[in-house]
$ cat protein-v8.json   # JSON, C-alpha atoms (C1' of nucleotides)
[["chain", "number", "residue", "atom", "x", "y", "z"],
["H", 1, "MET", "CA", 0.00, 0.00, 0.00],
["H", 2, "PRO", "CA", 1.93, 2.94, -1.22],
["H", 3, "LEU", "CA", 0.07, 5.34, 0.95],
["H", 4, "LYS", "CA", 2.87, 7.65, 1.76],
["H", 5, "ARG", "CA", 3.17, 10.50, -0.64],
["H", 6, "ARG", "CA", 6.64, 11.20, 0.62],
["H", 7, "LYS", "CA", 8.43, 12.99, -2.15],
["H", 8, "ASN", "CA", 5.92, 12.75, -4.96],
["H", 9, "GLN", "CA", 3.42, 15.25, -6.13],
["H", 10, "SER", "CA", -0.21, 15.05, -5.02],
["H", 11, "PRO", "CA", -0.52, 18.77, -4.41],
["H", 12, "ALA", "CA", -4.22, 18.52, -3.66],
["H", 13, "PRO", "CA", -4.47, 17.62, 0.02],
["H", 14, "LEU", "CA", -7.42, 15.34, -0.53],
["H", 15, "PRO", "CA", -10.14, 17.57, 0.86],
["H", 16, "SER", "CA", -12.57, 15.77, 3.13],
["H", 17, "CYS", "CA", -10.61, 12.54, 2.95],
["H", 18, "PRO", "CA", -9.54, 12.25, 6.58],
["H", 19, "LEU", "CA", -8.87, 8.60, 6.04],
["H", 20, "PHE", "CA", -5.68, 9.27, 4.20],
["H", 21, "ALA", "CA", -3.84, 10.80, 7.11],
["H", 22, "CYS", "CA", -4.79, 7.97, 9.41],
["H", 23, "MET", "CA", -4.33, 5.22, 6.86],
["H", 24, "SER", "CA", -0.75, 6.31, 6.34],
["H", 25, "LEU", "CA", -0.20, 5.49, 10.00],
["H", 26, "ILE", "CA", -1.66, 2.02, 9.91],
["H", 27, "GLY", "CA", -1.24, 1.46, 6.21],
["H", 28, "GLY", "CA", 1.39, -1.19, 6.36],
["H", 29, "ALA", "CA", 0.19, -4.74, 6.52],
["H", 30, "TRP", "CA", 1.80, -5.28, 9.91],
["H", 31, "THR", "CA", 1.42, -1.98, 11.69],
["H", 32, "PRO", "CA", -2.10, -2.65, 12.96],
["H", 33, "ASN", "CA", -1.04, -6.01, 14.32],
["H", 34, "VAL", "CA", 1.88, -4.48, 16.13],
["H", 35, "ILE", "CA", -0.34, -1.81, 17.66],
["H", 36, "TRP", "CA", -2.80, -4.49, 18.62],
["H", 37, "TYR", "CA", -0.28, -6.59, 20.49],
["H", 38, "LEU", "CA", 1.21, -3.50, 22.03],
["H", 39, "SER", "CA", -2.17, -2.36, 23.30],
["H", 40, "GLY", "CA", -1.98, -4.84, 26.16],
["H", 41, "GLY", "CA", 1.08, -3.11, 27.52],
["H", 42, "PRO", "CA", 4.76, -2.68, 26.70],
["H", 43, "ARG", "CA", 6.44, -5.58, 24.98],
["H", 44, "ARG", "CA", 9.92, -6.54, 23.99],
["H", 45, "PHE", "CA", 11.10, -7.05, 20.46],
["H", 46, "SER", "CA", 11.31, -10.81, 20.79],
["H", 47, "GLU", "CA", 7.87, -10.97, 22.36],
["H", 48, "LEU", "CA", 6.40, -9.16, 19.42],
["H", 49, "ARG", "CA", 8.14, -11.54, 17.08],
["H", 50, "ALA", "CA", 6.58, -14.42, 18.96],
["H", 51, "ASP", "CA", 3.17, -12.74, 18.86],
["H", 52, "ILE", "CA", 3.31, -12.34, 15.11],
["H", 53, "PRO", "CA", 5.25, -15.34, 13.83],
["H", 54, "ALA", "CA", 4.81, -14.48, 10.17],
["H", 55, "ILE", "CA", 6.63, -11.17, 10.37],
["H", 56, "SER", "CA", 10.32, -11.06, 9.65],
["H", 57, "ALA", "CA", 12.75, -9.32, 11.93],
["H", 58, "LYS", "CA", 13.58, -6.78, 9.30],
["H", 59, "VAL", "CA", 10.03, -5.72, 8.67],
["H", 60, "LEU", "CA", 9.23, -5.62, 12.37],
["H", 61, "THR", "CA", 12.17, -3.32, 12.90],
["H", 62, "GLN", "CA", 11.10, -1.15, 9.99],
["H", 63, "ARG", "CA", 7.53, -0.87, 11.20],
["H", 64, "LEU", "CA", 8.62, -0.07, 14.75],
["H", 65, "ARG", "CA", 11.01, 2.57, 13.52],
["H", 66, "ASP", "CA", 8.32, 4.16, 11.38],
["H", 67, "MET", "CA", 5.90, 4.10, 14.26],
["H", 68, "GLU", "CA", 8.50, 5.66, 16.50],
["H", 69, "GLU", "CA", 9.01, 8.42, 13.94],
["H", 70, "ASN", "CA", 5.29, 9.00, 13.78],
["H", 71, "GLY", "CA", 5.09, 9.23, 17.53],
["H", 72, "LEU", "CA", 3.04, 6.09, 17.97],
["H", 73, "VAL", "CA", 5.46, 4.09, 20.09],
["H", 74, "THR", "CA", 8.39, 4.72, 22.41],
["H", 75, "ARG", "CA", 11.56, 2.70, 22.24],
["H", 76, "THR", "CA", 13.46, 2.01, 25.43],
["H", 77, "VAL", "CA", 16.77, 0.20, 25.41],
["H", 78, "MET", "CA", 17.45, -1.74, 28.59],
["H", 79, "PRO", "CA", 21.22, -1.77, 29.26],
["H", 80, "THR", "CA", 21.21, -5.37, 30.36],
["H", 81, "SER", "CA", 23.15, -8.32, 29.08],
["H", 82, "PRO", "CA", 21.93, -9.52, 26.73],
["H", 83, "PRO", "CA", 20.37, -6.24, 25.80],
["H", 84, "SER", "CA", 16.64, -5.97, 25.36],
["H", 85, "VAL", "CA", 14.41, -3.28, 23.97],
["H", 86, "ASP", "CA", 11.00, -2.31, 25.22],
["H", 87, "TYR", "CA", 8.33, -0.88, 22.98],
["H", 88, "ALA", "CA", 5.25, 0.85, 24.32],
["H", 89, "LEU", "CA", 2.38, 2.78, 22.82],
["H", 90, "THR", "CA", 2.32, 6.53, 23.29],
["H", 91, "ASP", "CA", -0.91, 8.41, 23.96],
["H", 92, "LEU", "CA", -1.16, 8.93, 20.24],
["H", 93, "GLY", "CA", -0.75, 5.23, 19.64],
["H", 94, "GLN", "CA", -3.37, 4.47, 22.25],
["H", 95, "GLU", "CA", -5.84, 6.54, 20.29],
["H", 96, "LEU", "CA", -5.54, 4.14, 17.41],
["H", 97, "VAL", "CA", -6.46, 1.13, 19.50],
["H", 98, "PRO", "CA", -10.25, 1.59, 19.31],
["H", 99, "ALA", "CA", -10.07, 1.77, 15.53],
["H", 100, "ILE", "CA", -7.98, -1.38, 15.41],
["H", 101, "ALA", "CA", -10.34, -3.03, 17.83],
["H", 102, "ALA", "CA", -13.24, -2.22, 15.53],
["H", 103, "ILE", "CA", -11.41, -3.86, 12.66],
["H", 104, "VAL", "CA", -10.62, -6.91, 14.76],
["H", 105, "ASP", "CA", -14.26, -7.09, 15.73],
["H", 106, "VAL", "CA", -15.42, -7.02, 12.14],
["H", 107, "GLY", "CA", -12.79, -9.56, 11.22],
["H", 108, "ALA", "CA", -14.12, -11.92, 13.84],
["H", 109, "ARG", "CA", -17.68, -11.57, 12.57],
["H", 110, "LEU", "CA", -16.46, -12.08, 9.03],
["H", 111, "LYS", "CA", -14.85, -15.30, 10.12],
["H", 112, "GLN", "CA", -18.04, -16.46, 11.79],
["H", 113, "ARG", "CA", -20.09, -15.57, 8.75],
["H", 114, "LYS", "CA", -17.72, -17.41, 6.49],
["H", 115, "ALA", "CA", -17.86, -20.46, 8.72],
["H", 116, "SER", "CA", -21.65, -20.55, 8.70],
["H", 117, "MET", "CA", -21.68, -20.06, 4.94],
["H", 118, "GLU", "CA", -19.44, -23.05, 4.52],
["H", 119, "ALA", "CA", -21.62, -25.08, 6.84],
["H", 120, "LEU", "CA", -24.60, -24.19, 4.68],
["H", 121, "ASN", "CA", -22.78, -25.17, 1.53],
["H", 122, "ALA", "CA", -21.70, -28.43, 3.06],
["H", 123, "ALA", "CA", -25.27, -29.15, 4.13],
["H", 124, "ALA", "CA", -26.54, -28.41, 0.63],
["H", 125, "GLU", "CA", -24.33, -31.09, -0.88],
["G", 1, "MET", "CA", 0.21, -3.10, 1.15],
["G", 2, "PRO", "CA", 0.67, -6.43, -0.40],
["G", 3, "LEU", "CA", -1.82, -7.98, 1.92],
["G", 4, "LYS", "CA", -3.25, -10.55, -0.40],
["G", 5, "ARG", "CA", -1.42, -13.79, -0.32],
["G", 6, "ARG", "CA", -3.00, -14.80, -3.58],
["G", 7, "LYS", "CA", -0.73, -17.35, -5.13],
["G", 8, "ASN", "CA", 2.29, -17.19, -2.88],
["G", 9, "GLN", "CA", 3.28, -19.36, -0.03],
["G", 10, "SER", "CA", 2.49, -18.33, 3.53],
["G", 11, "PRO", "CA", 1.32, -21.77, 4.66],
["G", 12, "ALA", "CA", 0.84, -20.68, 8.24],
["G", 13, "PRO", "CA", -2.60, -19.07, 8.42],
["G", 14, "LEU", "CA", -1.46, -16.48, 10.90],
["G", 15, "PRO", "CA", -3.02, -17.93, 14.05],
["G", 16, "SER", "CA", -4.72, -15.35, 16.23],
["G", 17, "CYS", "CA", -4.15, -12.56, 13.76],
["G", 18, "PRO", "CA", -7.76, -11.73, 12.90],
["G", 19, "LEU", "CA", -6.59, -8.44, 11.52],
["G", 20, "PHE", "CA", -5.21, -10.04, 8.43],
["G", 21, "ALA", "CA", -8.50, -11.27, 7.08],
["G", 22, "CYS", "CA", -10.12, -7.92, 7.55],
["G", 23, "MET", "CA", -7.16, -5.87, 6.44],
["G", 24, "SER", "CA", -7.13, -7.70, 3.16],
["G", 25, "LEU", "CA", -10.61, -6.28, 2.59],
["G", 26, "ILE", "CA", -9.73, -2.66, 3.30],
["G", 27, "GLY", "CA", -6.04, -2.94, 2.64],
["G", 28, "GLY", "CA", -5.86, -0.87, -0.48],
["G", 29, "ALA", "CA", -5.27, 2.81, -0.05],
["G", 30, "TRP", "CA", -8.61, 3.69, -1.60],
["G", 31, "THR", "CA", -10.95, 0.94, -0.46],
["G", 32, "PRO", "CA", -11.77, 2.52, 2.89],
["G", 33, "ASN", "CA", -12.56, 5.80, 1.23],
["G", 34, "VAL", "CA", -14.89, 4.13, -1.23],
["G", 35, "ILE", "CA", -16.68, 2.30, 1.56],
["G", 36, "TRP", "CA", -16.91, 5.54, 3.47],
["G", 37, "TYR", "CA", -18.54, 7.45, 0.65],
["G", 38, "LEU", "CA", -20.78, 4.50, -0.10],
["G", 39, "SER", "CA", -21.95, 4.32, 3.49],
["G", 40, "GLY", "CA", -24.31, 7.23, 2.93],
["G", 41, "GLY", "CA", -26.23, 5.27, 0.34],
["G", 42, "PRO", "CA", -25.80, 3.97, -3.20],
["G", 43, "ARG", "CA", -23.71, 6.09, -5.51],
["G", 44, "ARG", "CA", -22.85, 6.13, -9.16],
["G", 45, "PHE", "CA", -19.39, 5.71, -10.59],
["G", 46, "SER", "CA", -19.05, 9.36, -11.54],
["G", 47, "GLU", "CA", -20.27, 10.48, -8.13],
["G", 48, "LEU", "CA", -17.60, 8.42, -6.46],
["G", 49, "ARG", "CA", -15.02, 9.93, -8.75],
["G", 50, "ALA", "CA", -16.20, 13.37, -7.72],
["G", 51, "ASP", "CA", -16.13, 12.37, -4.06],
["G", 52, "ILE", "CA", -12.54, 11.23, -4.28],
["G", 53, "PRO", "CA", -10.89, 13.50, -6.83],
["G", 54, "ALA", "CA", -7.44, 12.03, -6.42],
["G", 55, "ILE", "CA", -8.40, 8.54, -7.51],
["G", 56, "SER", "CA", -8.02, 7.56, -11.12],
["G", 57, "ALA", "CA", -10.79, 5.87, -13.05],
["G", 58, "LYS", "CA", -8.74, 2.76, -13.45],
["G", 59, "VAL", "CA", -8.02, 2.32, -9.78],
["G", 60, "LEU", "CA", -11.59, 3.09, -8.81],
["G", 61, "THR", "CA", -12.77, 0.42, -11.20],
["G", 62, "GLN", "CA", -10.25, -2.04, -9.86],
["G", 63, "ARG", "CA", -11.18, -1.39, -6.24],
["G", 64, "LEU", "CA", -14.90, -1.65, -6.98],
["G", 65, "ARG", "CA", -14.38, -4.90, -8.83],
["G", 66, "ASP", "CA", -12.35, -6.34, -5.99],
["G", 67, "MET", "CA", -14.97, -5.25, -3.49],
["G", 68, "GLU", "CA", -17.67, -6.80, -5.61],
["G", 69, "GLU", "CA", -15.72, -10.05, -5.67],
["G", 70, "ASN", "CA", -15.37, -9.94, -1.91],
["G", 71, "GLY", "CA", -19.08, -9.37, -1.51],
["G", 72, "LEU", "CA", -18.73, -5.87, -0.10],
["G", 73, "VAL", "CA", -20.66, -4.00, -2.79],
["G", 74, "THR", "CA", -23.28, -4.69, -5.42],
["G", 75, "ARG", "CA", -23.00, -3.38, -8.95],
["G", 76, "THR", "CA", -26.18, -2.46, -10.79],
["G", 77, "VAL", "CA", -26.12, -1.36, -14.41],
["G", 78, "MET", "CA", -28.94, 0.99, -15.32],
["G", 79, "PRO", "CA", -29.88, 0.44, -18.98],
["G", 80, "THR", "CA", -30.28, 4.14, -19.67],
["G", 81, "SER", "CA", -28.65, 6.37, -22.19],
["G", 82, "PRO", "CA", -26.03, 7.29, -21.37],
["G", 83, "PRO", "CA", -25.57, 4.21, -19.24],
["G", 84, "SER", "CA", -24.93, 4.59, -15.54],
["G", 85, "VAL", "CA", -23.86, 2.14, -12.88],
["G", 86, "ASP", "CA", -24.96, 2.11, -9.29],
["G", 87, "TYR", "CA", -22.80, 0.81, -6.49],
["G", 88, "ALA", "CA", -24.17, 0.01, -3.05],
["G", 89, "LEU", "CA", -22.81, -1.58, 0.08],
["G", 90, "THR", "CA", -23.97, -5.08, 0.91],
["G", 91, "ASP", "CA", -24.71, -6.13, 4.47],
["G", 92, "LEU", "CA", -21.16, -7.36, 4.66],
["G", 93, "GLY", "CA", -19.91, -3.99, 3.48],
["G", 94, "GLN", "CA", -22.10, -2.23, 6.02],
["G", 95, "GLU", "CA", -20.37, -4.16, 8.76],
["G", 96, "LEU", "CA", -17.11, -2.50, 7.87],
["G", 97, "VAL", "CA", -18.52, 1.00, 8.25],
["G", 98, "PRO", "CA", -18.11, 1.23, 12.04],
["G", 99, "ALA", "CA", -14.47, 0.26, 11.71],
["G", 100, "ILE", "CA", -13.90, 2.87, 9.02],
["G", 101, "ALA", "CA", -15.77, 5.41, 11.11],
["G", 102, "ALA", "CA", -13.43, 4.69, 14.00],
["G", 103, "ILE", "CA", -10.46, 5.32, 11.75],
["G", 104, "VAL", "CA", -11.97, 8.54, 10.45],
["G", 105, "ASP", "CA", -12.58, 9.61, 14.01],
["G", 106, "VAL", "CA", -8.99, 9.02, 15.00],
["G", 107, "GLY", "CA", -7.82, 10.74, 11.86],
["G", 108, "ALA", "CA", -9.80, 13.83, 12.80],
["G", 109, "ARG", "CA", -8.33, 13.89, 16.29],
["G", 110, "LEU", "CA", -4.88, 13.41, 14.87],
["G", 111, "LYS", "CA", -5.43, 16.41, 12.66],
["G", 112, "GLN", "CA", -6.56, 18.51, 15.60],
["G", 113, "ARG", "CA", -3.62, 17.41, 17.66],
["G", 114, "LYS", "CA", -1.23, 18.24, 14.86],
["G", 115, "ALA", "CA", -2.81, 21.66, 14.45],
["G", 116, "SER", "CA", -2.46, 22.48, 18.14],
["G", 117, "MET", "CA", 1.13, 21.22, 18.11],
["G", 118, "GLU", "CA", 1.95, 23.56, 15.28],
["G", 119, "ALA", "CA", 0.25, 26.40, 17.09],
["G", 120, "LEU", "CA", 2.44, 25.69, 20.11],
["G", 121, "ASN", "CA", 5.55, 25.62, 18.01],
["G", 122, "ALA", "CA", 4.60, 28.85, 16.33],
["G", 123, "ALA", "CA", 3.96, 30.45, 19.72],
["G", 124, "ALA", "CA", 7.34, 29.27, 20.96],
["G", 125, "GLU", "CA", 9.14, 31.12, 18.21],
["J", 1, "DC", "C1'", 19.05, -10.40, 21.85],
["J", 2, "DA", "C1'", 18.15, -6.84, 18.61],
["J", 3, "DG", "C1'", 19.38, -5.09, 15.08],
["J", 4, "DC", "C1'", 21.51, -3.53, 10.07],
["J", 5, "DA", "C1'", 22.96, -4.49, 5.02],
["J", 6, "DT", "C1'", 21.99, -6.32, 0.77],
["J", 7, "DC", "C1'", 19.40, -8.23, -3.00],
["J", 8, "DC", "C1'", 15.06, -9.49, -4.93],
["J", 9, "DT", "C1'", 9.97, -9.80, -5.88],
["J", 10, "DG", "C1'", 5.08, -8.44, -6.55],
["J", 11, "DC", "C1'", 1.30, -5.56, -6.02],
["J", 12, "DG", "C1'", -0.91, -0.99, -5.77],
["J", 13, "DA", "C1'", -1.19, 2.86, -8.12],
["J", 14, "DG", "C1'", -0.36, 6.87, -11.72],
["J", 15, "DA", "C1'", -0.61, 8.33, -16.64],
["J", 16, "DT", "C1'", -2.29, 8.07, -21.02],
["J", 17, "DA", "C1'", -5.05, 6.57, -24.81],
["J", 18, "DC", "C1'", -8.92, 4.05, -26.63],
["J", 19, "DT", "C1'", -14.07, 1.76, -26.71],
["J", 20, "DG", "C1'", -19.42, 0.71, -26.40],
["A", 1, "DC", "C1'", -20.81, 7.73, -19.01],
["A", 2, "DA", "C1'", -18.23, 3.89, -17.57],
["A", 3, "DG", "C1'", -15.11, 1.60, -18.39],
["A", 4, "DT", "C1'", -10.61, -1.25, -20.77],
["A", 5, "DA", "C1'", -5.58, -1.58, -22.25],
["A", 6, "DT", "C1'", -0.83, -0.82, -21.70],
["A", 7, "DC", "C1'", 3.16, 0.92, -19.56],
["A", 8, "DT", "C1'", 5.93, 2.32, -15.78],
["A", 9, "DC", "C1'", 7.20, 3.32, -11.05],
["A", 10, "DG", "C1'", 7.75, 3.00, -6.03],
["A", 11, "DC", "C1'", 7.34, 0.87, -1.87],
["A", 12, "DA", "C1'", 6.18, -2.98, 1.40],
["A", 13, "DG", "C1'", 7.83, -7.04, 2.27],
["A", 14, "DG", "C1'", 10.70, -11.71, 2.00],
["A", 15, "DA", "C1'", 15.35, -14.09, 2.42],
["A", 16, "DT", "C1'", 19.83, -14.38, 3.85],
["A", 17, "DG", "C1'", 23.94, -13.15, 6.23],
["A", 18, "DC", "C1'", 26.56, -10.29, 9.50],
["A", 19, "DT", "C1'", 27.35, -7.23, 14.04],
["A", 20, "DG", "C1'", 27.53, -5.34, 19.15]]

$ encode --input "protein-v8.json" --output "structure tokens"
Amino acid sequence: MPLKRRKNQSPAPLPSCPLFACMSLIGGAWTPNVIWYLSGGPRRFSELRADIPAISAKVLTQRLRDMEENGLVTRTVMPTSPPSVDYALTDLGQELVPAIAAIVDVGARLKQRKASMEALNAAAE
Amino acid sequence: MPLKRRKNQSPAPLPSCPLFACMSLIGGAWTPNVIWYLSGGPRRFSELRADIPAISAKVLTQRLRDMEENGLVTRTVMPTSPPSVDYALTDLGQELVPAIAAIVDVGARLKQRKASMEALNAAAE
DNA sequence: CAGCATCCTGCGAGATACTG
DNA sequence: CAGTATCTCGCAGGATGCTG
């Protein structure tokens, strides 16, 4: 989702399209998941990797860096050995949680609906 | 946002990541906007284009077709002259509206916050 | 453990021109 | 009006290998 109009043109600021600003924050495929798993409280890098097995370390780092830049998460390095890094949602990041929750909610109902559809199909055969 | 794992691998179905299923529905940069403008009632192709000036005809067509495939919208051709086509949200599509609304809401607050931040910065100088 | 560096791929999207 | 066709580009993301 090339949502970010970083360098390119797009001079018109998309009047009355408030979705664009917000979608650029959660646009990546993984960002919402990261926010979701971070909404329960601060987590370490390796914990997040375990939460979302399908993400690669590189992409997780990228997403977290982007989110840090956008002021969604804070990054705290613990000077232990071995070192660990804590990520936590900022107030701004917290504000996104309800939206993500709504998406999760719909996703769950979609899953249910799909399951009942398949049950119907199976019964019809 | 290459969310769709159409042909590729990804054998693990992302356990406990309900976001993925739903994000693949609204993953495109424009899909949420289309749903949003469709939430007020059925609209014609040209109306949608006017609603979202920055979208190109091709992309709008693509998104609408994808959404039709996913059962989010219905497409009704009116046999008039000149021909017109009506798009409307299905029940499934309607279910996504609250989630989109939540995102819009956050987007609006983000905008406010940004505005007040800039006002602070300006006052500081 | 938590990363960075590098190379590679595929999809979303823009631009432009043409059709029923 | 409502598309379709073709081309190109940029970025998210995957894979692998290496550091402090």

$ atom_distance --input "protein-v8.json" --atom1 "atom C1' of J:DA13" --atom2 "atom CA of G:Asp86"
23.8 Å

$ residues_around --input "protein-v8.json" --residues "H:Leu72" --least-positions-apart "4" --cutoff "6 Å" --atoms "all atoms listed in the file" --output "PyMOL selection string"
chain H and resi 67-68+89-90+92-93

$ write_last_selection --input "protein-v8.json" --atoms "C-alpha atoms" --output "compact mmCIF listing (two decimals), keeping the file's coordinate frame"
# COMPACT_ATOMS: atom_id res chain seq x y z
CA MET H 67 5.90 4.10 14.26
CA GLU H 68 8.50 5.66 16.50
CA LEU H 89 2.38 2.78 22.82
CA THR H 90 2.32 6.53 23.29
CA LEU H 92 -1.16 8.93 20.24
CA GLY H 93 -0.75 5.23 19.64

$ closest_residue --input "protein-v8.json" --among "J:DG3, J:DG20, J:DA15, J:DT9" --to "A:DT4" --atoms "all atoms listed in the file"
J:DG20

$ atom_distance --input "protein-v8.json" --atom1 "atom CA of G:Ala57" --atom2 "atom CA of G:Thr31"
13.5 Å

$ atom_distance --input "protein-v8.json" --atom1 "atom C1' of A:DA12" --atom2 "atom C1' of J:DG12"
10.3 Å

$ build_atoms --input "protein-v8.json" --residues "stretch 82-91 of chain G" --atoms "all heavy atoms" --output "tab-separated table (two decimals), in the coordinates of the input"
chain	number	residue	atom	x	y	z
G	82	PRO	N	-27.21	8.15	-21.47
G	82	PRO	CA	-26.03	7.29	-21.37
G	82	PRO	C	-26.15	6.32	-20.21
G	82	PRO	O	-26.84	6.63	-19.24
G	82	PRO	CB	-24.89	8.27	-21.17
G	82	PRO	CG	-25.52	9.47	-20.56
G	82	PRO	CD	-26.91	9.53	-21.07
G	83	PRO	N	-25.47	5.21	-20.29
G	83	PRO	CA	-25.57	4.21	-19.24
G	83	PRO	C	-24.98	4.72	-17.93
G	83	PRO	O	-24.06	5.53	-17.93
G	83	PRO	CB	-24.75	3.05	-19.79
G	83	PRO	CG	-23.81	3.67	-20.75
G	83	PRO	CD	-24.52	4.83	-21.34
G	84	SER	N	-25.51	4.26	-16.84
G	84	SER	CA	-24.93	4.59	-15.54
G	84	SER	C	-24.90	3.33	-14.69
G	84	SER	O	-25.66	2.38	-14.93
G	84	SER	CB	-25.74	5.69	-14.85
G	84	SER	OG	-27.01	5.19	-14.50
G	85	VAL	N	-24.03	3.33	-13.73
G	85	VAL	CA	-23.86	2.14	-12.88
G	85	VAL	C	-23.96	2.55	-11.43
G	85	VAL	O	-23.32	3.51	-11.01
G	85	VAL	CB	-22.49	1.46	-13.15
G	85	VAL	CG1	-22.37	0.20	-12.32
G	85	VAL	CG2	-22.35	1.15	-14.62
G	86	ASP	N	-24.78	1.84	-10.70
G	86	ASP	CA	-24.96	2.11	-9.29
G	86	ASP	C	-24.16	1.13	-8.45
G	86	ASP	O	-24.16	-0.08	-8.72
G	86	ASP	CB	-26.44	1.99	-8.92
G	86	ASP	CG	-27.09	3.34	-8.77
G	86	ASP	OD1	-26.96	4.15	-9.70
G	86	ASP	OD2	-27.70	3.59	-7.71
G	87	TYR	N	-23.49	1.67	-7.45
G	87	TYR	CA	-22.80	0.81	-6.49
G	87	TYR	C	-23.42	1.01	-5.12
G	87	TYR	O	-23.74	2.15	-4.73
G	87	TYR	CB	-21.31	1.14	-6.45
G	87	TYR	CG	-20.59	0.75	-7.70
G	87	TYR	CD1	-20.39	1.67	-8.73
G	87	TYR	CD2	-20.10	-0.53	-7.87
G	87	TYR	CE1	-19.73	1.31	-9.90
G	87	TYR	CE2	-19.44	-0.89	-9.02
G	87	TYR	CZ	-19.25	0.03	-10.03
G	87	TYR	OH	-18.60	-0.33	-11.17
G	88	ALA	N	-23.60	-0.08	-4.40
G	88	ALA	CA	-24.17	0.01	-3.05
G	88	ALA	C	-23.47	-1.00	-2.15
G	88	ALA	O	-23.01	-2.05	-2.61
G	88	ALA	CB	-25.67	-0.27	-3.10
G	89	LEU	N	-23.41	-0.67	-0.88
G	89	LEU	CA	-22.81	-1.58	0.08
G	89	LEU	C	-23.75	-2.75	0.35
G	89	LEU	O	-24.97	-2.58	0.46
G	89	LEU	CB	-22.52	-0.85	1.40
G	89	LEU	CG	-21.34	0.11	1.44
G	89	LEU	CD1	-21.20	0.70	2.83
G	89	LEU	CD2	-20.06	-0.58	1.03
G	90	THR	N	-23.19	-3.93	0.45
G	90	THR	CA	-23.97	-5.08	0.91
G	90	THR	C	-23.99	-5.08	2.44
G	90	THR	O	-23.38	-4.22	3.08
G	90	THR	CB	-23.32	-6.39	0.44
G	90	THR	OG1	-22.03	-6.47	1.03
G	90	THR	CG2	-23.20	-6.41	-1.06
G	91	ASP	N	-24.71	-6.03	3.01
G	91	ASP	CA	-24.71	-6.13	4.47
G	91	ASP	C	-23.29	-6.31	5.00
G	91	ASP	O	-22.89	-5.71	6.00
G	91	ASP	CB	-25.57	-7.33	4.90
G	91	ASP	CG	-27.05	-7.07	4.62
G	91	ASP	OD1	-27.38	-5.94	4.23
G	91	ASP	OD2	-27.85	-7.99	4.80
